[in-house]
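A.B. asks: So that we are looking at the same thing, I have put the structure below in structure tokens.
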Amino acid sequence: MRWSEHAIWWHVYPLGFTGAEREALPPSAPPVPRLAGLADWLDYLVELGCNGLALGPVFASETHGYDTLDHFRVDPRLGTEDDLRRLLDQASARGVRVLLDGVFNHVGRGFPHTSLLRRDPDADGGFATFEGHHRLVALDHDQPAVADYVTDVMTHWLARGIDGWRLDAAYAVPLPFWRTVTDRVRARFPDAWLVGEVIHGDYAAFVQQGGLDSVTQYELWKAVWSSLNDRNLFELAWALERHNALLDAFVPQTFLGNHDVTRLASRLTDDRHLAHALVILLTTAGIPSVYSGDEQAFRGIKEDREGGDDAVRPAFPSHPHGLAPHGLPLYRLHQLLIGLRRRHPWLVHARNTVTTLTNTALAYTVTDPADGRHSLAVALNIADDSADLALPHGDWQLAAGEGEFGPDRVRLPAQGWAIATG
């Protein structure tokens, strides 16, 4: 297994997390070393059970980080390159990998290398924009010079100690462009992990044709919260079947939340289903991430307006000791389930087989495809009455949750869940 298949990421949006200013500092202002404060959260990350720190944008930008001005310079609101390299060293000392966010589809309107931008004489300012956002100007991916530039940026920071890249808006970039860049990057850094943000489309093509390692599994993300809210676990079962098919091509990056979506605790209509969602994430194949604060049941609703992301990108206390105590139970559940996943590392490639399915009850087994000998049974009940769920015949032993297991079934309490080894 590659190192990336052992990774469980803790995802941080640095500008919000550290309470940085909303807009770039004046050129005369000294850098503010806010990245140094993230070092105080590395032990928290490790205690949670994660071993990867996935950072949102850290490069010089105009406002929110996705309007980049200089991919070779750390945003002064976060500090300097020395501050970033110290954070990388401190993470490495704890065995924590670091992922950076590469925004290579578009840049800020003040991006100085205008020759790399896609021209559009009908657009305001003469340059094409990203999805109609005036302040986000598209790079011209048909130009070889743009591929050279992106390759230089990626290899520059890989040489300085990062372990991979999240490629923002990868779905908007032509696949031949990605193949050109990824082939060049892998020639120098074959172990780098490259994951693309792909919301919809042919996920496998970004791996097979674009040369990425993985893409974000938005289909599964949507099915988890939607099926729980609607009490329609048939939707989830269908998504798990599609997820199995993707595993024949690559290992998806799985998640319940990120910096771009309403937080799970606000999205779910019943707080009791936070546990069910987490069980699904951590017993399903993939390379999972936890968006910082979700493990503490943070709330926040994304709105379609200027500043509409602020609620899901809040400032954190300077140290974990400053967190409110009411989030501790969900934090402990994360520790429990991440620990279970660590004890069964084959779960990254596991295949799901549904054995019981109703609107409000789901049981499935997850099996190691390498030898078929390792397996877990997972049972979920989102009804307000107890439920009996059928399982394959086996010697099932409760590993987590609440349930009474027999040789071929499990009885769950109302709103219960259970995981068993077999």
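Scheme for the structure tokens: letters A, B, ... for chains in order shown; per-chain residue numbers from 1; ligand numbers from 1 in order shown.
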I'd like the neighbourhood of Ser4 of chain A as a PyMOL selection string, where a residue qualifies if any of its atoms comes within 12 Å (using only C-alpha atoms), though same-chain residues fewer than 4 positions away should be ignored.
C.D. replies: chain A and resi 8-9+51-52+96-99+163-165+191-195+213-214+251-253+286-289+345+348
A.B. asks: Could you give me, as a list in words, the residues within 9 Å of Leu175 of chain A, counting only C-alpha atoms and dropping anything in the same chain fewer than 4 positions from it?
C.D. replies: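 Using only C-alpha atoms, the neighbours found are Ala170, Tyr171, Arg179, Thr180, Ala205, Phe206, Gln209, Gly210 and Gly211 of chain A.
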A.B. asks: Taking N, CA, C and O atoms for each residue, export the selection above as a short mmCIF file (atom, residue, chain, number, x, y, z; two decimals), in the first residue's frame.
C.D. replies:
data_model
loop_
_atom_site.label_atom_id
_atom_site.label_comp_id
_atom_site.auth_asym_id
_atom_site.auth_seq_id
_atom_site.Cartn_x
_atom_site.Cartn_y
_atom_site.Cartn_z
N ALA A 170 -10.72 20.96 -10.36
CA ALA A 170 -10.10 20.10 -11.38
C ALA A 170 -11.07 19.76 -12.49
O ALA A 170 -10.66 19.53 -13.64
N TYR A 171 -12.35 19.73 -12.17
CA TYR A 171 -13.37 19.38 -13.16
C TYR A 171 -13.45 20.39 -14.29
O TYR A 171 -13.98 20.09 -15.37
N ARG A 179 -2.91 15.62 -17.70
CA ARG A 179 -1.97 14.54 -18.03
C ARG A 179 -0.57 15.10 -18.28
O ARG A 179 0.43 14.53 -17.80
N THR A 180 -0.49 16.21 -19.00
CA THR A 180 0.82 16.82 -19.26
C THR A 180 1.51 17.19 -17.95
O THR A 180 2.69 16.89 -17.74
N ALA A 205 -12.32 9.04 -15.30
CA ALA A 205 -11.55 9.63 -16.39
C ALA A 205 -10.46 10.55 -15.88
O ALA A 205 -9.39 10.66 -16.51
N PHE A 206 -10.70 11.24 -14.76
CA PHE A 206 -9.68 12.13 -14.23
C PHE A 206 -8.46 11.36 -13.75
O PHE A 206 -7.35 11.89 -13.74
N GLN A 209 -7.32 9.25 -17.52
CA GLN A 209 -6.88 10.13 -18.61
C GLN A 209 -6.11 11.35 -18.10
O GLN A 209 -5.25 11.86 -18.81
N GLY A 210 -6.45 11.81 -16.91
CA GLY A 210 -5.79 13.01 -16.39
C GLY A 210 -4.57 12.73 -15.54
O GLY A 210 -3.80 13.65 -15.25
N GLY A 211 -4.40 11.47 -15.13
CA GLY A 211 -3.21 11.13 -14.36
C GLY A 211 -3.28 11.47 -12.89
O GLY A 211 -2.26 11.42 -12.19
#
A.B. asks: Write out as a list of chain:residue names each polymer residue whose atoms come within 7 Å of Leu398 of chain A, counting only C-alpha atoms; drop sequence neighbours fewer than 3 positions from it.
C.D. replies: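 In the requested form, the answer reads A:Ile419, A:Ala420, A:Thr421.
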A.B. asks: Extract, using only C-alpha atoms, all DNA, RNA and protein residues at most 12 Å from Arg267 of chain A, discarding same-chain residues fewer than 4 positions from it, and format them as a VMD selection string.
C.D. replies: chain A and resid 221 to 222 224 to 230 256 to 257 261 to 263 271 273 to 274 277 294 297 to 302 312
A.B. asks: Can you tell me, as a VMD selection string, which residues in segment 51-126 of chain A count as strand (DSSP E or B) by DSSP?
C.D. replies: chain A and resid 52 to 55 59 to 61 68 to 74 97 to 102 106 to 108 117 119
A.B. asks: Taking the DSSP secondary structure from the backbone, can you list the residues of segment 154-291 of chain A that are alpha helix (DSSP H), as number ranges by chain?
C.D. replies: A: 154-158, 175-188, 203-208, 218-230, 233-246, 264-267, 273-283
A.B. asks: Within 12 Å of segment 26-28 of chain A, counting only C-alpha atoms, which residues qualify if same-chain residues fewer than 6 places away don't, as a PyMOL selection string?
C.D. replies: chain A and resi 60-62+75-77
A.B. asks: Asn359 of chain A: which residues within 8 Å, counting only C-alpha atoms, same-chain residues fewer than 6 positions away excluded, as a list in words?
C.D. replies: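 Once the adjacent positions are removed, what remains is Arg231, Asn232, Leu233 and Phe234 of chain A.
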A.B. asks: Go through A:Gly307, A:Pro369, A:Gly95, A:Pro31 and flag the residue nearest Asp43 of chain A, using only C-alpha atoms for the distances.
C.D. replies: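 Result for the nearest residue to Asp43 of chain A: A:Gly95.
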A.B. asks: Residues near Asp82 of chain A, anyone? I mean within 12 Å using only C-alpha atoms, not counting same-chain ones fewer than 3 positions away, as a CSV table (one decimal) with N, CA and C atoms, in the first residue's frame.
C.D. replies:
chain,number,residue,atom,x,y,z
A,31,PRO,N,4.5,40.7,7.3
A,31,PRO,CA,3.8,39.4,7.4
A,31,PRO,C,3.4,39.1,8.8
A,32,VAL,N,2.3,38.4,9.0
A,32,VAL,CA,1.8,38.0,10.3
A,32,VAL,C,1.9,36.5,10.4
A,33,PRO,N,2.7,35.9,11.3
A,33,PRO,CA,3.1,34.5,11.3
A,33,PRO,C,2.0,33.6,11.8
A,34,ARG,N,0.8,33.6,11.2
A,34,ARG,CA,-0.3,32.9,11.7
A,34,ARG,C,-0.2,31.4,11.5
A,35,LEU,N,0.6,31.0,10.5
A,35,LEU,CA,0.8,29.5,10.3
A,35,LEU,C,1.5,28.9,11.5
A,36,ALA,N,2.2,29.7,12.2
A,36,ALA,CA,2.9,29.1,13.4
A,36,ALA,C,1.9,28.6,14.4
A,73,ARG,N,4.6,32.4,-3.4
A,73,ARG,CA,4.8,33.2,-2.1
A,73,ARG,C,3.7,32.9,-1.2
A,74,VAL,N,4.0,32.7,0.1
A,74,VAL,CA,3.0,32.5,1.1
A,74,VAL,C,2.3,33.8,1.4
A,75,ASP,N,1.0,33.7,1.6
A,75,ASP,CA,0.2,34.9,1.8
A,75,ASP,C,0.7,35.6,3.1
A,76,PRO,N,1.0,36.9,3.1
A,76,PRO,CA,1.6,37.6,4.3
A,76,PRO,C,0.6,37.5,5.4
A,78,LEU,N,-0.7,35.0,6.5
A,78,LEU,CA,-0.3,33.7,7.2
A,78,LEU,C,1.1,33.6,7.6
A,79,GLY,N,2.0,34.5,7.0
A,79,GLY,CA,3.4,34.5,7.4
A,79,GLY,C,4.3,34.5,6.2
A,85,ARG,N,7.6,26.4,6.2
A,85,ARG,CA,8.5,25.3,6.2
A,85,ARG,C,8.7,24.8,7.7
A,86,ARG,N,8.6,25.7,8.6
A,86,ARG,CA,8.7,25.2,10.0
A,86,ARG,C,7.5,24.3,10.3
A,87,LEU,N,6.3,24.7,9.8
A,87,LEU,CA,5.1,23.9,10.0
A,87,LEU,C,5.3,22.5,9.4
A,88,LEU,N,5.9,22.5,8.2
A,88,LEU,CA,6.1,21.2,7.5
A,88,LEU,C,7.1,20.3,8.4
A,89,ASP,N,8.1,21.0,8.9
A,89,ASP,CA,9.0,20.2,9.8
A,89,ASP,C,8.4,19.7,11.0
A,160,ARG,N,10.1,21.3,-1.4
A,160,ARG,CA,10.3,21.9,-0.1
A,160,ARG,C,9.6,21.1,1.0
A.B. asks: Counting only C-alpha atoms, which residue out of A:Met154, A:Leu84, A:Val103, A:Val46 sits closest to His64 of chain A?
C.D. replies: A:Val103
A.B. asks: What gap, in Å, lies between atom CA of Leu53 of chain A and atom CA of Arg313 of chain A?
C.D. replies: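 Distance reported for this atom pair: 16.1 Å.
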A.B. asks: With only C-alpha atoms as the atoms that count, which of A:Ala123, A:Asp70, A:Leu376, A:His133 lies nearest to Glu306 of chain A?
C.D. replies: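 Among A:Ala123, A:Asp70, A:Leu376, A:His133, it is A:His133 that comes nearest to Glu306 of chain A.
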A.B. asks: Could you produce a table of the residues of segment 47-69 of chain A lying within 12 Å of segment 325-331 of chain A, with the nearest pair of atoms per residue and their separation in Å rounded to one decimal, using only C-alpha atoms, ordered by chain and increasing residue number, as JSON lines?
C.D. replies:
{"residue": "A:Glu47", "atom": "CA", "partner": "A:Tyr331", "partner_atom": "CA", "distance": 10.0}
{"residue": "A:Leu48", "atom": "CA", "partner": "A:Tyr331", "partner_atom": "CA", "distance": 7.3}
{"residue": "A:Gly49", "atom": "CA", "partner": "A:Tyr331", "partner_atom": "CA", "distance": 10.3}
A.B. asks: Find the residue from A:Leu136, A:Ala377, A:Ala361, A:Leu347 that sits nearest to Leu412 of chain A; use only C-alpha atoms when measuring.
C.D. replies: A:Ala361
A.B. asks: Rounded to one decimal in Å, what is the spacing between atom CA of Gly125 of chain A and atom CA of Asp309 of chain A?
C.D. replies: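 That distance, rounded to one decimal, is 26.1 Å.
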A.B. asks: Considering only C-alpha atoms, can you say which of A:Leu282, A:Leu357, A:Leu337, A:Leu38 comes closest to Ala315 of chain A?
C.D. replies: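 The shortest atom-to-atom distance to Ala315 of chain A comes from A:Leu38.
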A.B. asks: From the list A:Asp148, A:Asp368, A:Asp140, A:Asp101, which residue is nearest Arg184 of chain A when using only C-alpha atoms?
C.D. replies: A:Asp148
